[in-house]
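Undergrad: Take a look at protein19.txt, compact mmCIF, C-alpha atoms:
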# COMPACT_ATOMS: atom_id res chain seq x y z
CA MET A 1 0.00 0.00 0.00
CA GLY A 2 2.88 2.33 0.75
CA ASP A 3 4.33 1.89 -2.77
CA LEU A 4 0.93 2.52 -4.37
CA THR A 5 0.34 5.70 -2.31
CA SER A 6 3.83 6.94 -3.16
CA SER A 7 3.17 6.25 -6.86
CA ILE A 8 -0.06 8.28 -6.78
CA ILE A 9 1.61 11.22 -4.99
CA ASN A 10 4.49 11.20 -7.48
CA SER A 11 2.02 11.22 -10.39
CA ILE A 12 0.17 14.21 -8.93
CA ASN A 13 3.39 16.14 -8.36
CA ARG A 14 4.35 15.61 -12.00
CA LEU A 15 1.20 17.22 -13.40
CA ASP A 16 1.83 20.29 -15.57
CA ASP A 17 1.01 23.76 -14.20
CA ALA A 18 -0.66 24.84 -17.46
CA PHE A 19 -2.10 23.32 -20.62
CA TYR A 20 -1.57 24.59 -24.16
CA HIS A 21 -4.30 24.07 -26.74
CA GLY A 22 -4.61 24.02 -30.51
CA LYS A 23 -7.07 22.96 -33.21
CA VAL A 24 -6.89 20.38 -35.97
CA CYS A 25 -6.94 22.20 -39.31
CA GLY A 26 -6.34 19.25 -41.62
CA VAL A 27 -5.60 15.56 -41.94
CA GLN A 28 -3.29 14.30 -44.66
CA GLY A 29 -2.12 10.71 -44.93
CA LEU A 30 -0.65 9.72 -41.57
CA PHE A 31 -0.43 13.32 -40.38
CA VAL A 32 -2.62 15.66 -38.41
CA GLU A 33 -2.11 19.37 -39.12
CA ILE A 34 -2.56 21.55 -36.03
CA SER A 35 -2.86 25.33 -35.78
CA GLY A 36 -2.83 27.54 -32.73
CA LEU A 37 -0.24 28.34 -30.09
CA ILE A 38 2.94 26.65 -31.32
CA ASP A 39 5.60 28.82 -29.68
CA GLY A 40 7.87 26.66 -27.54
CA MET A 41 6.88 23.44 -29.29
CA SER A 42 9.63 21.20 -30.63
CA VAL A 43 10.00 17.99 -32.60
CA GLY A 44 9.53 14.99 -30.30
CA ASP A 45 7.05 16.70 -27.96
CA GLY A 46 3.73 15.01 -27.35
CA CYS A 47 0.13 16.10 -27.75
CA ASP A 48 -3.36 14.60 -27.42
CA VAL A 49 -5.98 15.05 -30.13
CA ILE A 50 -9.59 14.80 -28.87
CA ASN A 51 -11.45 13.05 -31.68
CA ASN A 52 -15.15 13.39 -32.50
CA ARG A 53 -15.99 10.56 -30.11
CA GLY A 54 -14.31 12.35 -27.20
CA GLU A 55 -11.34 9.95 -27.15
CA LYS A 56 -7.80 11.18 -26.58
CA ILE A 57 -5.45 10.10 -29.36
CA PRO A 58 -1.79 10.53 -28.32
CA CYS A 59 0.44 11.98 -31.03
CA GLU A 60 4.05 13.03 -31.49
CA ILE A 61 5.18 16.23 -33.16
CA VAL A 62 7.34 15.24 -36.13
CA SER A 63 7.59 18.41 -38.22
CA PHE A 64 6.51 22.04 -38.75
CA ARG A 65 5.20 23.45 -42.03
CA ASP A 66 3.76 26.86 -42.96
CA GLY A 67 3.23 27.86 -39.34
CA LYS A 68 1.44 24.63 -38.51
CA VAL A 69 2.39 21.61 -36.43
CA LEU A 70 2.52 18.22 -38.13
CA ALA A 71 1.80 15.43 -35.64
CA MET A 72 1.67 11.68 -36.18
CA PRO A 73 -0.82 9.68 -34.08
CA TYR A 74 0.28 6.63 -32.12
CA GLY A 75 -3.05 5.04 -32.97
CA SER A 76 -5.70 5.26 -35.68
CA ILE A 77 -6.65 8.64 -37.19
CA GLU A 78 -10.30 7.57 -37.49
CA GLY A 79 -12.61 10.04 -35.79
CA ILE A 80 -10.16 12.96 -36.12
CA GLY A 81 -11.61 15.89 -38.05
CA VAL A 82 -11.21 19.62 -38.58
CA ASN A 83 -11.58 21.74 -35.40
CA CYS A 84 -10.92 18.83 -33.04
CA ASP A 85 -9.24 20.09 -29.85
CA VAL A 86 -5.55 19.41 -29.23
CA GLU A 87 -3.76 19.47 -25.88
CA PHE A 88 0.02 19.96 -25.99
CA THR A 89 2.14 18.41 -23.24
CA MET A 90 5.34 20.29 -24.16
CA SER A 91 7.60 17.60 -22.78
CA SER A 92 9.65 14.69 -24.04
CA PRO A 93 8.22 11.24 -23.25
CA VAL A 94 9.45 9.77 -19.96
CA ILE A 95 8.81 6.63 -17.95
CA TYR A 96 9.23 5.95 -14.24
CA PRO A 97 10.53 2.37 -13.91
CA HIS A 98 10.30 0.50 -10.64
CA GLU A 99 11.69 -2.80 -9.39
CA SER A 100 8.13 -4.18 -9.25
CA TRP A 101 8.05 -4.12 -13.07
CA LEU A 102 9.86 -7.46 -13.06
CA GLY A 103 7.55 -10.18 -14.36
CA ARG A 104 5.36 -7.65 -16.20
CA ILE A 105 4.54 -6.93 -19.84
CA VAL A 106 4.47 -3.28 -20.89
CA ASN A 107 3.69 -1.38 -24.08
CA ALA A 108 5.56 1.42 -25.83
CA PHE A 109 4.27 3.95 -23.27
CA GLY A 110 5.56 1.95 -20.31
CA GLU A 111 2.01 0.91 -19.36
CA ALA A 112 0.99 -2.56 -18.22
CA ILE A 113 -0.80 -4.69 -20.82
CA ASP A 114 -0.77 -8.03 -18.99
CA GLY A 115 -4.03 -7.58 -17.06
CA LYS A 116 -2.29 -7.60 -13.67
CA GLY A 117 -3.21 -4.06 -12.71
CA PRO A 118 -1.36 -0.73 -13.06
CA LEU A 119 2.38 -0.45 -12.61
CA ILE A 120 3.97 1.23 -9.60
CA LYS A 121 5.93 4.28 -10.72
CA GLY A 122 9.42 4.99 -9.45
CA ASN A 123 10.72 8.34 -8.24
CA LYS A 124 13.28 8.97 -10.98
CA PRO A 125 12.23 9.85 -14.53
CA TYR A 126 13.96 8.10 -17.42
CA PHE A 127 13.69 9.84 -20.77
CA ILE A 128 12.72 7.47 -23.54
CA LYS A 129 15.25 9.16 -25.81
CA THR A 130 18.50 9.92 -24.06
CA SER A 131 22.27 9.72 -24.50
CA PRO A 132 24.55 7.00 -23.12
CA PRO A 133 27.03 7.81 -20.34
CA PRO A 134 30.00 9.90 -21.58
CA ALA A 135 32.51 7.64 -23.30
CA PRO A 136 35.55 8.55 -21.10
CA PHE A 137 33.62 7.61 -17.94
CA ARG A 138 32.20 4.27 -19.07
CA ASP A 139 33.73 1.15 -17.60
CA ARG A 140 35.39 -1.50 -19.73
CA VAL A 141 33.64 -4.78 -20.49
CA LYS A 142 34.68 -7.48 -18.07
CA GLY A 143 33.58 -10.92 -17.00
CA LYS A 144 31.68 -13.45 -19.06
CA VAL A 145 27.95 -13.86 -19.54
CA ASP A 146 26.77 -17.46 -19.48
CA LEU A 147 24.05 -17.85 -22.13
CA GLY A 148 23.70 -21.62 -21.96
CA VAL A 149 24.32 -22.17 -25.71
CA LYS A 150 27.40 -24.24 -26.50
CA ALA A 151 28.33 -22.57 -29.78
CA VAL A 152 28.07 -19.08 -28.26
CA ASN A 153 29.66 -19.84 -24.88
CA ALA A 154 32.71 -21.52 -26.42
CA PHE A 155 33.31 -19.92 -29.83
CA LEU A 156 31.67 -16.49 -29.40
CA THR A 157 32.04 -15.77 -25.69
CA ILE A 158 30.12 -12.62 -24.71
CA CYS A 159 31.32 -10.33 -21.94
CA LYS A 160 29.25 -8.16 -19.60
CA GLY A 161 28.50 -4.89 -21.34
CA GLN A 162 29.15 -6.22 -24.83
CA ARG A 163 26.73 -5.61 -27.72
CA MET A 164 26.19 -8.50 -30.10
CA GLY A 165 24.12 -8.85 -33.26
CA ILE A 166 22.34 -11.99 -34.46
CA PHE A 167 22.17 -11.81 -38.26
CA ALA A 168 20.03 -14.12 -40.40
CA GLY A 169 17.43 -14.32 -43.12
CA SER A 170 13.83 -15.20 -42.38
CA GLY A 171 13.14 -18.63 -40.93
CA VAL A 172 16.74 -19.51 -40.02
CA GLY A 173 16.32 -19.35 -36.25
CA LYS A 174 17.07 -15.84 -34.91
CA SER A 175 14.14 -15.72 -32.52
CA THR A 176 14.70 -19.31 -31.39
CA LEU A 177 18.37 -18.63 -30.59
CA MET A 178 17.44 -15.47 -28.71
CA SER A 179 14.80 -17.36 -26.75
CA MET A 180 17.37 -20.00 -25.72
CA MET A 181 19.64 -17.26 -24.42
CA ALA A 182 16.77 -15.52 -22.61
CA ARG A 183 15.87 -18.70 -20.75
CA ASN A 184 19.43 -19.84 -19.96
CA THR A 185 21.26 -16.61 -19.08
CA ASN A 186 22.85 -16.04 -15.67
CA SER A 187 22.35 -12.25 -15.86
CA ASP A 188 20.57 -10.54 -12.95
CA ILE A 189 17.80 -9.04 -15.11
CA SER A 190 16.48 -9.62 -18.62
CA VAL A 191 14.74 -6.81 -20.52
CA ILE A 192 13.23 -8.11 -23.76
CA GLY A 193 11.87 -5.91 -26.52
CA LEU A 194 9.68 -7.57 -29.15
CA ILE A 195 9.55 -4.91 -31.86
CA GLY A 196 7.07 -5.38 -34.69
CA GLU A 197 6.70 -9.11 -34.00
CA ARG A 198 3.75 -11.40 -34.67
CA GLY A 199 1.10 -10.99 -31.99
CA ARG A 200 0.57 -14.73 -31.57
CA GLU A 201 4.23 -15.24 -30.63
CA ALA A 202 4.04 -13.15 -27.45
CA LYS A 203 2.19 -15.75 -25.38
CA GLU A 204 4.36 -18.55 -26.75
CA PHE A 205 7.47 -16.59 -25.81
CA ILE A 206 6.23 -15.98 -22.27
CA GLU A 207 4.90 -19.47 -21.51
CA ASP A 208 7.12 -21.77 -23.57
CA VAL A 209 10.39 -19.86 -23.68
CA LEU A 210 10.74 -17.86 -20.48
CA GLY A 211 8.45 -19.89 -18.25
CA GLU A 212 7.44 -18.83 -14.77
CA GLU A 213 11.01 -18.74 -13.42
CA GLY A 214 12.42 -16.80 -16.36
CA MET A 215 9.60 -14.26 -16.30
CA LYS A 216 10.24 -13.47 -12.62
CA LYS A 217 13.49 -11.70 -13.53
CA SER A 218 12.34 -10.25 -16.85
CA VAL A 219 10.48 -7.24 -18.21
CA LEU A 220 8.87 -7.68 -21.62
CA VAL A 221 8.21 -4.69 -23.89
CA LEU A 222 5.78 -5.53 -26.68
CA ALA A 223 4.82 -3.71 -29.88
CA THR A 224 3.23 -5.97 -32.49
CA SER A 225 3.48 -5.61 -36.27
CA ASP A 226 -0.02 -4.14 -36.60
CA GLU A 227 0.77 -1.13 -34.41
CA SER A 228 1.81 2.25 -35.76
CA PRO A 229 5.45 2.93 -36.73
CA LEU A 230 5.68 5.45 -33.87
CA LEU A 231 4.77 2.75 -31.34
CA ARG A 232 7.17 0.23 -32.85
CA ARG A 233 10.01 2.74 -32.75
CA GLN A 234 9.17 3.93 -29.26
CA ALA A 235 9.05 0.35 -27.92
CA ALA A 236 12.75 0.06 -28.74
CA TYR A 237 13.52 3.26 -26.83
CA VAL A 238 11.44 2.10 -23.85
CA THR A 239 13.33 -1.21 -23.81
CA MET A 240 16.60 0.68 -23.49
CA ALA A 241 15.22 3.09 -20.85
CA ILE A 242 14.08 0.19 -18.63
CA SER A 243 17.48 -1.47 -19.08
CA GLU A 244 19.18 1.76 -18.02
CA TYR A 245 17.10 1.89 -14.84
CA PHE A 246 18.22 -1.58 -13.74
CA ARG A 247 21.80 -0.83 -14.81
CA ASP A 248 21.75 2.23 -12.56
CA GLU A 249 20.63 -0.12 -9.76
CA ASN A 250 24.01 -1.88 -10.25
CA LYS A 251 22.47 -4.91 -11.97
CA ASP A 252 23.93 -6.89 -14.84
CA VAL A 253 21.18 -6.56 -17.45
CA LEU A 254 20.73 -8.67 -20.56
CA CYS A 255 18.85 -6.48 -23.05
CA MET A 256 17.45 -8.41 -26.01
CA MET A 257 15.71 -6.80 -28.94
CA ASP A 258 13.94 -8.60 -31.77
CA SER A 259 14.44 -6.98 -34.17
CA ILE A 260 16.54 -3.95 -35.04
CA THR A 261 15.48 -4.27 -38.66
CA ARG A 262 11.85 -3.62 -37.76
CA PHE A 263 12.94 -0.61 -35.69
CA ALA A 264 14.72 0.69 -38.81
CA MET A 265 11.63 0.01 -40.95
CA ALA A 266 9.46 1.96 -38.50
CA GLN A 267 11.86 4.91 -38.61
CA ARG A 268 11.87 4.72 -42.41
CA GLU A 269 8.04 4.89 -42.52
CA ILE A 270 8.05 7.96 -40.28
CA ALA A 271 10.83 9.70 -42.21
CA LEU A 272 9.30 9.04 -45.64
CA SER A 273 5.97 10.40 -44.41
CA VAL A 274 7.67 13.62 -43.31
CA GLY A 275 9.18 13.98 -46.78
CA GLU A 276 12.73 12.82 -46.12
CA PRO A 277 14.34 11.46 -49.31
CA PRO A 278 15.30 7.76 -49.47
CA ALA A 279 19.06 7.23 -49.53
CA SER A 280 19.96 3.54 -49.61
CA LYS A 281 17.48 0.84 -50.70
CA GLY A 282 14.64 3.05 -49.55
CA TYR A 283 16.13 3.79 -46.12
CA THR A 284 16.36 7.47 -45.23
CA PRO A 285 19.42 9.20 -43.69
CA SER A 286 17.66 9.51 -40.32
CA VAL A 287 17.54 5.70 -40.05
CA PHE A 288 21.32 5.53 -40.04
CA SER A 289 21.58 8.36 -37.54
CA GLU A 290 19.03 6.77 -35.16
CA LEU A 291 20.70 3.32 -35.12
CA PRO A 292 23.84 4.38 -33.19
CA LYS A 293 21.74 6.55 -30.85
CA LEU A 294 19.80 3.44 -29.85
CA LEU A 295 22.57 0.82 -29.87
CA GLU A 296 25.18 2.92 -28.07
CA ARG A 297 22.91 3.07 -25.02
CA ALA A 298 23.75 -0.57 -24.33
CA GLY A 299 27.09 -1.33 -22.73
CA PRO A 300 28.80 -0.80 -19.38
CA GLY A 301 27.71 2.13 -17.27
CA ALA A 302 29.71 4.57 -15.20
CA GLY A 303 29.16 2.43 -12.09
CA ASN A 304 28.96 -1.29 -11.42
CA GLY A 305 25.95 -2.03 -13.60
CA THR A 306 26.09 -3.22 -17.22
CA ILE A 307 23.77 -3.66 -20.18
CA THR A 308 24.72 -6.59 -22.38
CA GLY A 309 22.91 -6.16 -25.68
CA LEU A 310 21.69 -8.89 -28.03
CA PHE A 311 20.04 -7.49 -31.15
CA THR A 312 18.58 -9.56 -33.98
CA VAL A 313 18.90 -8.31 -37.56
CA LEU A 314 16.73 -9.66 -40.37
CA VAL A 315 18.96 -9.58 -43.46
CA ASP A 316 17.04 -8.90 -46.65
CA GLY A 317 17.29 -11.78 -49.13
CA ASP A 318 20.10 -13.40 -47.11
CA ASP A 319 22.33 -10.49 -48.17
CA HIS A 320 24.51 -9.82 -45.13
CA ASN A 321 25.85 -6.64 -46.73
CA GLU A 322 22.46 -4.94 -47.11
CA PRO A 323 22.34 -1.40 -45.61
CA ILE A 324 20.87 -2.11 -42.15
CA ALA A 325 23.01 -5.21 -41.53
CA ASP A 326 26.13 -3.34 -42.62
CA ALA A 327 25.35 -0.31 -40.45
CA VAL A 328 24.52 -2.38 -37.34
CA ARG A 329 27.59 -4.60 -37.74
CA SER A 330 29.83 -1.52 -37.78
CA ILE A 331 28.39 -0.32 -34.45
CA LEU A 332 28.25 -3.56 -32.44
CA ASP A 333 31.03 -5.51 -30.74
CA GLY A 334 30.55 -8.68 -32.71
CA HIS A 335 28.08 -10.63 -34.79
CA ILE A 336 26.54 -14.11 -34.80
CA VAL A 337 25.74 -15.19 -38.36
CA LEU A 338 23.05 -17.83 -38.90
CA ASP A 339 23.46 -19.69 -42.20
CA ARG A 340 20.52 -21.04 -44.18
CA ALA A 341 22.70 -23.82 -45.66
CA ILE A 342 23.51 -25.06 -42.15
CA ALA A 343 19.83 -24.93 -41.16
CA GLU A 344 18.99 -26.99 -44.25
CA ARG A 345 21.38 -29.66 -42.94
CA ASN A 346 19.21 -29.69 -39.79
CA ARG A 347 21.97 -28.47 -37.48
CA TYR A 348 20.55 -25.98 -35.00
CA PRO A 349 21.39 -23.38 -33.91
CA ALA A 350 22.60 -22.78 -37.47
CA ILE A 351 25.58 -20.62 -36.44
CA ASN A 352 28.32 -20.19 -39.02
CA ILE A 353 31.34 -20.17 -36.73
CA LEU A 354 33.80 -18.91 -39.35
CA ARG A 355 31.67 -15.89 -40.29
CA SER A 356 30.85 -14.99 -36.69
CA ILE A 357 33.07 -13.11 -34.27
CA SER A 358 33.09 -11.72 -30.74
CA ARG A 359 35.47 -8.76 -30.61
CA THR A 360 35.91 -8.82 -26.82
CA MET A 361 36.39 -12.59 -26.55
CA PRO A 362 40.24 -12.63 -26.68
CA ASP A 363 40.41 -10.40 -23.60
CA CYS A 364 37.87 -12.50 -21.66
CA ASP A 365 39.25 -16.00 -22.26
CA THR A 366 42.20 -17.54 -20.45
CA LYS A 367 45.13 -18.71 -22.58
CA GLU A 368 44.02 -22.32 -22.20
CA GLU A 369 40.44 -21.57 -23.23
CA TYR A 370 41.53 -19.47 -26.20
CA ALA A 371 43.92 -22.21 -27.35
CA ILE A 372 41.10 -24.81 -27.34
CA VAL A 373 38.78 -22.56 -29.35
CA ALA A 374 41.50 -21.52 -31.81
CA LYS A 375 42.38 -25.17 -32.48
CA ALA A 376 38.75 -26.09 -33.09
CA ARG A 377 38.31 -23.10 -35.42
CA LYS A 378 41.38 -24.22 -37.36
CA TYR A 379 39.85 -27.65 -37.94
CA ILE A 380 36.54 -26.14 -39.07
CA ALA A 381 38.34 -23.80 -41.49
CA SER A 382 40.52 -26.60 -42.91
CA TYR A 383 37.50 -28.81 -43.50
CA GLU A 384 35.38 -26.05 -45.07
CA ASP A 385 38.21 -25.13 -47.46
CA MET A 386 38.24 -28.68 -48.82
CA ALA A 387 34.55 -29.49 -48.29
CA GLU A 388 33.63 -29.74 -51.98
CA LEU A 389 36.53 -32.04 -52.80
CA ILE A 390 35.79 -34.20 -49.75
CA ARG A 391 32.11 -34.57 -50.65
CA LEU A 392 32.97 -35.42 -54.27
CA GLY A 393 35.54 -37.99 -53.13
CA ALA A 394 38.28 -36.11 -54.98
CA TYR A 395 40.44 -35.57 -51.90
CA LYS A 396 43.02 -38.32 -51.37
CA LYS A 397 43.67 -39.16 -47.75
CA GLY A 398 47.25 -38.49 -46.71
CA SER A 399 47.72 -35.52 -49.04
CA ASN A 400 47.64 -33.04 -46.18
CA ARG A 401 47.86 -33.96 -42.49
CA ASP A 402 45.97 -30.83 -41.37
CA VAL A 403 43.05 -31.72 -43.64
CA ASP A 404 43.17 -35.35 -42.50
CA GLU A 405 42.92 -34.21 -38.86
CA ALA A 406 40.10 -31.81 -39.78
CA ILE A 407 38.15 -34.68 -41.43
CA PHE A 408 38.60 -36.71 -38.24
CA TYR A 409 37.54 -34.00 -35.76
CA TYR A 410 34.91 -32.13 -37.85
CA PRO A 411 31.95 -34.52 -37.23
CA MET A 412 32.57 -34.38 -33.47
CA ILE A 413 32.78 -30.55 -33.51
CA GLU A 414 29.56 -30.39 -35.58
CA GLU A 415 27.82 -32.57 -33.01
CA PHE A 416 29.11 -30.26 -30.27
CA LEU A 417 27.64 -27.23 -32.07
CA SER A 418 24.21 -28.85 -32.31
CA GLN A 419 21.77 -28.21 -29.44
CA THR A 420 18.04 -28.48 -28.84
CA LYS A 421 15.93 -25.62 -27.48
CA ARG A 422 15.59 -27.19 -24.04
CA ASP A 423 19.27 -28.01 -23.43
CA ARG A 424 21.50 -25.81 -21.29
CA PHE A 425 25.28 -25.98 -20.95
CA SER A 426 27.38 -23.83 -18.63
CA LEU A 427 30.58 -22.11 -19.68
CA GLU A 428 32.66 -24.69 -17.80
CA GLN A 429 30.83 -27.59 -19.45
CA CYS A 430 31.34 -26.08 -22.90
CA TYR A 431 35.12 -25.75 -22.55
CA GLU A 432 35.36 -29.19 -20.98
CA MET A 433 33.34 -30.86 -23.75
CA LEU A 434 35.28 -29.12 -26.53
CA GLY A 435 38.58 -29.91 -24.81
CA ASN A 436 37.64 -33.60 -24.56
CA ILE A 437 36.84 -33.70 -28.28
CA LEU A 438 40.20 -32.23 -29.22
CA ALA A 439 41.97 -34.53 -26.76
CA THR A 440 40.68 -37.56 -28.68
CA PRO A 441 43.83 -39.04 -30.32
CA TYR A 442 43.94 -38.81 -34.09
CA LEU A 443 44.76 -42.17 -35.65
CA ALA A 444 46.43 -41.68 -39.02
CA GLU A 445 45.73 -45.22 -40.15
CA GLU A 446 41.97 -44.79 -39.91
Could you render the structure from this file as structure tokens?
TA:
Amino acid sequence: MGDLTSSIINSINRLDDAFYHGKVCGVQGLFVEISGLIDGMSVGDGCDVINNRGEKIPCEIVSFRDGKVLAMPYGSIEGIGVNCDVEFTMSSPVIYPHESWLGRIVNAFGEAIDGKGPLIKGNKPYFIKTSPPPAPFRDRVKGKVDLGVKAVNAFLTICKGQRMGIFAGSGVGKSTLMSMMARNTNSDISVIGLIGERGREAKEFIEDVLGEEGMKKSVLVLATSDESPLLRRQAAYVTMAISEYFRDENKDVLCMMDSITRFAMAQREIALSVGEPPASKGYTPSVFSELPKLLERAGPGAGNGTITGLFTVLVDGDDHNEPIADAVRSILDGHIVLDRAIAERNRYPAINILRSISRTMPDCDTKEEYAIVAKARKYIASYEDMAELIRLGAYKKGSNRDVDEAIFYYPMIEEFLSQTKRDRFSLEQCYEMLGNILATPYLAEE
């Protein structure tokens, strides 16, 4: 009761001293044109349009033209007509996270949508759009994050505060891999943003993937594919803001976002509507300026807390050099590439070890661990270089000892990389299993 009373008092204290009003003077496409008192307004401020049914439609100011405000509604424009009243809030969107948000599902406004009652609001405001801690004062990444997936734990070890991308075409297993990590992680808190995802997958993700135990230490931010581009974009910002709250509480946060591509698509829709010219494959310049603003917010903080980021990227037509994939890869600290050819061989997760990299891994591994992984990578590379000849039977055994050893160890390494959705392997188990494989004596006469 004390927390609820405090939340109500805080909400009252945050009410504005005055309201500023305007009138709708036109509706064009996705935009509402507003006239009236616009002094002091700025792009990104919020407003509420009162439609003809008396409902408040929240909007965001996205542009100014000919002395009028152009606002984009978060919901449907149905019922909005000329001379509808508009209330300006004259403030950037903020949320007030609280520890009690764990186990809850929230929308792009930071409001509960799980039917468990309203959320308790914290005392400190967190702006939905904000800057990361100053670079000179951020801590270095340190310590490993156990994600329970053999291929990632051993070959692509992720450190606390690292930002990693999961790149794949449609239907290759991005969401499944992310769900395995969400369930198996040893991080203190998980903040999961489902951006523009299928609505039916939300319940499956909660019940089948996270389960009751996983949900207890998670906050889920949900914006489905049928919602407006403003909501889909804002859900990504809210995911980061909630992660920053728990980071500031000195927690090690695992922030997962599925997917960055749909965030970029939402920003593209907004920018094209405003009149911004397309630059690369239809993506506008603002898309490429917004990506680092979002992704840089993950990472170590200026205290003891960290945000480890896992971001999925849907590559268009399996082209890993398409604009969004290329831009995201240049910002993040590593990438996990899922290969359709590997998935077609029924090896899941379909991670292409040779095309994937964790940039902070060398500094996190011990010399012994790094030596084991480097040796296994060498065998994979040797086998893949000669794979066509081996499959055709054109390679003659004994021609090259390195290739002969690779042929011997490759099936065992492939089996190690394979894992079902329900399996979990600790970091120690992964290194031990891989070490045992490589310790198997190679018999040249076989």
Undergrad: Give me the residues within 6 Å of range 297-299 of chain A as a list in words, counting only C-alpha atoms and dropping any in the same chain fewer than 6 places off.
TA: Pro132, Gly161, Gln162, Thr306, Ile307, Thr308 and Gly309 of chain A
Undergrad: Could the residues in this selection be written to a file with C-alpha atoms, as a short mmCIF file (atom, residue, chain, number, x, y, z; two decimals), keeping the file's coordinate frame?
TA:
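result-v7.cif was written with the following content:
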data_model
loop_
_atom_site.label_atom_id
_atom_site.label_comp_id
_atom_site.auth_asym_id
_atom_site.auth_seq_id
_atom_site.Cartn_x
_atom_site.Cartn_y
_atom_site.Cartn_z
CA PRO A 132 24.55 7.00 -23.12
CA GLY A 161 28.50 -4.89 -21.34
CA GLN A 162 29.15 -6.22 -24.83
CA THR A 306 26.09 -3.22 -17.22
CA ILE A 307 23.77 -3.66 -20.18
CA THR A 308 24.72 -6.59 -22.38
CA GLY A 309 22.91 -6.16 -25.68
#
Undergrad: With all atoms listed in the file counted, which protein, DNA or RNA residues have an atom no more than 12 Å from (-7.1, 17.4, -31.5) in the file frame? Please answer as JSON, numbers by chain.
TA: {"A": [20, 21, 22, 23, 24, 25, 26, 27, 31, 32, 33, 34, 35, 36, 46, 47, 48, 49, 50, 51, 52, 53, 54, 55, 56, 57, 58, 59, 60, 69, 70, 71, 72, 73, 77, 78, 79, 80, 81, 82, 83, 84, 85, 86, 87, 88]}
Undergrad: As an exercise, work out the distance from CA of Met256 in chain A to CA of Glu344 in chain A in Å and give it to one decimal place.
TA: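 Rounded to one decimal, the two atoms are 26.1 Å apart.
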Undergrad: For range 182-199 of chain A, find every residue with an atom within 7 Å (counting all atoms listed in the file), except residues of its own chain fewer than 2 positions away, and show them as a PyMOL selection string.
TA: chain A and resi 145-148+178-180+201-202+209-210+214+217-225+232+235-236+239+243+251-259+262-263+424
Undergrad: Can you measure CA of Glu368 in chain A to CA of Gly305 in chain A for me? One decimal in Å is fine.
TA: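 Going from CA of Glu368 in chain A over to CA of Gly305 in chain A, I get 28.5 Å.
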Undergrad: Identify the residues around (20.6, -22.3, -39.6) within a radius of 7 Å, measuring from all atoms listed in the file in the coordinates stated by the file, and give them as JSON, numbers by chain.
TA: {"A": [172, 173, 338, 339, 340, 341, 342, 343, 344, 347, 348, 349, 350, 351]}
Undergrad: So that I can see what lies close to Gly122 in chain A, please list as number ranges by chain the residues with an atom at most 6 Å from it, counting only C-alpha atoms and leaving out residues fewer than 6 positions away in the same chain.
TA: A: 96-98
Undergrad: Could you put an axis-aligned box around every listed atom of range 175-182 of chain A, padded by 5 Å on each side, and send me its centre and edge lengths in Å to one decimal, as lines of an AutoDock Vina configuration file?
TA:
center_x = 16.9
center_y = -17.7
center_z = -27.6
size_x = 15.5
size_y = 14.5
size_z = 19.9
Undergrad: So which one's closest to Met361 in chain A, A:Asn153, A:Asn107, A:Asn250, A:Gln267? Using all atoms listed in the file, please.
TA: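 Selected residue with least distance to Met361 in chain A: A:Asn153.
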Undergrad: Write out as a short mmCIF file (atom, residue, chain, number, x, y, z; two decimals) with C-alpha atoms, in the coordinates of the input each polymer residue whose atoms come within 12 Å of Ala151 in chain A, counting all atoms listed in the file; drop sequence neighbours fewer than 2 positions from it.
TA:
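The result, stored in out_20.cif:
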data_model
loop_
_atom_site.label_atom_id
_atom_site.label_comp_id
_atom_site.auth_asym_id
_atom_site.auth_seq_id
_atom_site.Cartn_x
_atom_site.Cartn_y
_atom_site.Cartn_z
CA ASP A 146 26.77 -17.46 -19.48
CA LEU A 147 24.05 -17.85 -22.13
CA GLY A 148 23.70 -21.62 -21.96
CA VAL A 149 24.32 -22.17 -25.71
CA ASN A 153 29.66 -19.84 -24.88
CA ALA A 154 32.71 -21.52 -26.42
CA PHE A 155 33.31 -19.92 -29.83
CA LEU A 156 31.67 -16.49 -29.40
CA THR A 157 32.04 -15.77 -25.69
CA ILE A 158 30.12 -12.62 -24.71
CA LEU A 177 18.37 -18.63 -30.59
CA MET A 180 17.37 -20.00 -25.72
CA MET A 181 19.64 -17.26 -24.42
CA ILE A 336 26.54 -14.11 -34.80
CA VAL A 337 25.74 -15.19 -38.36
CA LEU A 338 23.05 -17.83 -38.90
CA ARG A 347 21.97 -28.47 -37.48
CA TYR A 348 20.55 -25.98 -35.00
CA PRO A 349 21.39 -23.38 -33.91
CA ALA A 350 22.60 -22.78 -37.47
CA ILE A 351 25.58 -20.62 -36.44
CA ASN A 352 28.32 -20.19 -39.02
CA ILE A 353 31.34 -20.17 -36.73
CA LEU A 354 33.80 -18.91 -39.35
CA SER A 356 30.85 -14.99 -36.69
CA ILE A 357 33.07 -13.11 -34.27
CA SER A 358 33.09 -11.72 -30.74
CA VAL A 373 38.78 -22.56 -29.35
CA ALA A 376 38.75 -26.09 -33.09
CA ARG A 377 38.31 -23.10 -35.42
CA ILE A 413 32.78 -30.55 -33.51
CA GLU A 414 29.56 -30.39 -35.58
CA GLU A 415 27.82 -32.57 -33.01
CA PHE A 416 29.11 -30.26 -30.27
CA LEU A 417 27.64 -27.23 -32.07
CA SER A 418 24.21 -28.85 -32.31
CA GLN A 419 21.77 -28.21 -29.44
CA THR A 420 18.04 -28.48 -28.84
CA ARG A 424 21.50 -25.81 -21.29
CA PHE A 425 25.28 -25.98 -20.95
CA SER A 426 27.38 -23.83 -18.63
CA LEU A 427 30.58 -22.11 -19.68
CA GLN A 429 30.83 -27.59 -19.45
CA CYS A 430 31.34 -26.08 -22.90
CA TYR A 431 35.12 -25.75 -22.55
CA MET A 433 33.34 -30.86 -23.75
CA LEU A 434 35.28 -29.12 -26.53
#
